[in-house]
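Peer 1: I am attaching a structure below and will ask some questions about it afterwards.
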Amino acid sequence: MLHFSYGVMGSSKSAMLLMQRYNHLQLGHYVVLIKPAIDTRIDASTVYSRVGLQAQADIVLYPEQSLYEQLMWLMARQGHSDFPYVFVDEAQFLTEAQVEEIANLAMDHEFYCFGLKTDFLGNFFPGSAALMRLAEEISEVPGGLCWCGAKATMNTRIDRNGNVIKTGDQILIDNQEETRYIGLCYKHWKMGKSHA
């Protein structure tokens with residue numbers, strides 16, 4: 001089954017993924033952890049949550065790579081014959097073709113994808129659009145709050161001074177120095193107001 005859990009920036013999506021992965025590992029399950037190569041917040045292979053949890057990805061997936069081929073390579077290398085549980089962080093960065101591969105593989109395996117639904121302009125990422133189309137179970141990761149206390153529903157790019165940025169490339173990795181992302185309610189996202 002293909003599961004897609006989405007949430008705004010700061011809703012602890014990666015923390016939830018890492019905790020669910022840990023629970024499966026504790027039960028003795030063979031678990032594969034995947035992250036897209038474009039996510040370089042910490043380094044190329046670390047799945048990281050801002051609350052401090054982290055783990056090394058088993059597969060760092062590039063846009064031109066087949067997810068299926070990477071899984072087959074990993075299983076051969078690790079001596080496994082099956083991959084019943086697969087966790088994918090930052091799934092919005094997957095390509096549509098990679099999500100379609102996951103949907104096909106998920107007929108016989110459990111895939112848990114976590115990521116953003118929309119970008120800082122309110123548009124779908126290609127990966128999240130495909131997941132919204134193909135996932136059998138879609139759920140929102142609760143907990144993201146706007147500075148006003150309302151539920152955060154919009155991802156917002158801000159500069160180092162807290163100014164809302166409404167232009168630029170769809171993907172610009174959060175470096176916490178020049179650029180970072182926060183969740184805002186729709187009203188304050190529309191107003192471009194990132195603080196009181």
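In the structure tokens, each chain is lettered A, B, ... as it comes, each chain's residues begin at 1, and ligands are numbered from 1 in order of appearance.
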Could you pull out the residues in range 100-168 of chain A that DSSP calls helix (DSSP H, G or I) from the backbone, as a list in words?
Peer 2: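 Those in range 100-168 of chain A that DSSP calls helix (DSSP H, G or I) are Glu100, Glu101, Ile102, Ala103, Asn104, Leu105, Pro126, Gly127, Ser128, Ala129, Ala130, Leu131, Met132, Arg133 and Leu134 of chain A.
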Peer 1: Neighbours of Leu172 in chain A within 12 Å (only C-alpha atoms; same-chain residues fewer than 4 positions away dropped), as JSON, numbers by chain?
Peer 2: {"A": [38, 39, 40, 41, 93, 119, 120, 156, 157, 158, 159, 165, 167, 168, 176, 178, 179, 180, 181]}
Peer 1: Let me see the file: selected residues, C-alpha atoms, as a PDB file, in the first residue's frame.
Peer 2:
ATOM      1  CA  ILE A  38      18.381  17.213  -3.764  1.00  0.00           C
ATOM      2  CA  ASP A  39      17.822  17.414   0.002  1.00  0.00           C
ATOM      3  CA  THR A  40      21.247  18.505   1.238  1.00  0.00           C
ATOM      4  CA  ARG A  41      20.254  20.352   4.439  1.00  0.00           C
ATOM      5  CA  PHE A  93      11.199  15.935  -4.604  1.00  0.00           C
ATOM      6  CA  ASP A 119       5.633  24.881  -2.499  1.00  0.00           C
ATOM      7  CA  PHE A 120       6.052  28.436  -1.190  1.00  0.00           C
ATOM      8  CA  THR A 156       6.375  30.181   3.152  1.00  0.00           C
ATOM      9  CA  ARG A 157       9.881  31.151   2.066  1.00  0.00           C
ATOM     10  CA  ILE A 158      11.425  33.947   4.098  1.00  0.00           C
ATOM     11  CA  ASP A 159      14.775  35.710   4.057  1.00  0.00           C
ATOM     12  CA  ILE A 165       9.617  35.866  -0.585  1.00  0.00           C
ATOM     13  CA  THR A 167       9.404  34.837  -6.363  1.00  0.00           C
ATOM     14  CA  GLY A 168      12.123  32.419  -7.346  1.00  0.00           C
ATOM     15  CA  GLN A 176      18.789  28.603   7.688  1.00  0.00           C
ATOM     16  CA  GLU A 178      19.904  33.266   3.731  1.00  0.00           C
ATOM     17  CA  THR A 179      16.705  31.307   3.166  1.00  0.00           C
ATOM     18  CA  ARG A 180      14.359  29.395   5.418  1.00  0.00           C
ATOM     19  CA  TYR A 181      10.787  28.168   5.402  1.00  0.00           C
TER      20      TYR A 181
END
Peer 1: Excluding same-chain residues fewer than 2 positions from Ala196 in chain A, what lies within 10 Å of it counting only C-alpha atoms, as a ChimeraX atom specification?
Peer 2: /A:147-148,188,193-194
Peer 1: Please provide the set of residues having any atom within 8 Å of Gly122 in chain A, restricted to only C-alpha atoms, with same-chain residues fewer than 4 positions apart removed, written as a PDB file with C-alpha atoms, in the first residue's frame.
Peer 2:
ATOM      1  CA  THR A 118       2.764  22.464  -1.992  1.00  0.00           C
ATOM      2  CA  MET A 154       0.862  27.241   3.584  1.00  0.00           C
ATOM      3  CA  ASN A 155       4.622  26.832   3.217  1.00  0.00           C
TER       4      ASN A 155
END
Peer 1: Run DSSP on the backbone and tell me which residues of range 49-102 of chain A come out as strand (DSSP E); list them as a ChimeraX atom specification.
Peer 2: /A:54-56,59-61,85-88
Peer 1: Put those residues in a file: N, CA and C atoms, as a CSV table (one decimal), in the first residue's frame.
Peer 2:
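Generated output (part.csv):
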chain,number,residue,atom,x,y,z
A,54,GLN,N,17.7,11.8,13.6
A,54,GLN,CA,18.4,11.6,12.3
A,54,GLN,C,18.8,10.1,12.1
A,55,ALA,N,18.9,9.8,10.8
A,55,ALA,CA,19.3,8.4,10.4
A,55,ALA,C,20.0,8.5,9.0
A,56,GLN,N,20.8,7.5,8.7
A,56,GLN,CA,21.5,7.5,7.4
A,56,GLN,C,20.5,6.8,6.4
A,59,ILE,N,19.3,4.6,0.6
A,59,ILE,CA,19.3,5.0,-0.8
A,59,ILE,C,19.2,6.5,-0.9
A,60,VAL,N,20.1,7.1,-1.6
A,60,VAL,CA,20.0,8.5,-1.9
A,60,VAL,C,19.6,8.5,-3.4
A,61,LEU,N,18.4,9.0,-3.7
A,61,LEU,CA,17.8,8.8,-5.1
A,61,LEU,C,18.0,10.1,-5.9
A,85,TYR,N,9.0,-3.0,3.9
A,85,TYR,CA,8.7,-1.6,4.4
A,85,TYR,C,9.7,-0.6,3.9
A,86,VAL,N,9.2,0.4,3.2
A,86,VAL,CA,10.1,1.4,2.6
A,86,VAL,C,9.6,2.8,3.0
A,87,PHE,N,10.5,3.6,3.6
A,87,PHE,CA,10.1,4.9,4.0
A,87,PHE,C,10.9,5.9,3.2
A,88,VAL,N,10.1,6.9,2.7
A,88,VAL,CA,10.7,8.0,1.8
A,88,VAL,C,10.5,9.3,2.4
Peer 1: List the neighbours of range 105-108 of chain A out to 12 Å using only C-alpha atoms; skip same-chain residues closer than 6 positions along the sequence, and give me the result as a list in words.
Peer 2: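 Close residues of range 105-108 of chain A: Met1, Leu2, His3, Phe4, Leu67, Tyr68, Glu69, Leu71, Met72, Asp82, Phe83, Pro84, Tyr85, Val86, Phe87, Gln98, Val99, Leu134, Ala135, Glu136 and Glu137 of chain A.
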Peer 1: Counting only C-alpha atoms, figure out which residue out of A:Lys117, A:Arg77, A:Lys187, A:Lys166 gets nearest to Val8 in chain A.
Peer 2: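 Of all the options, A:Lys117 lies closest to Val8 in chain A.
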Peer 1: Which one of A:Phe125, A:Tyr30, A:Trp189, A:Trp73 sits closest to Leu94 in chain A if you count only C-alpha atoms?
Peer 2: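 Of A:Phe125, A:Tyr30, A:Trp189, A:Trp73, the one nearest Leu94 in chain A, counting only C-alpha atoms, is A:Phe125.
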Peer 1: Could you check the closest approach to Pro142 in chain A for each of A:Gly183, A:Asp43, A:Asp89, A:Leu33 and tell me which residue wins, using only C-alpha atoms?
Peer 2: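 Using only C-alpha atoms, the shortest distance to Pro142 in chain A belongs to A:Gly183.
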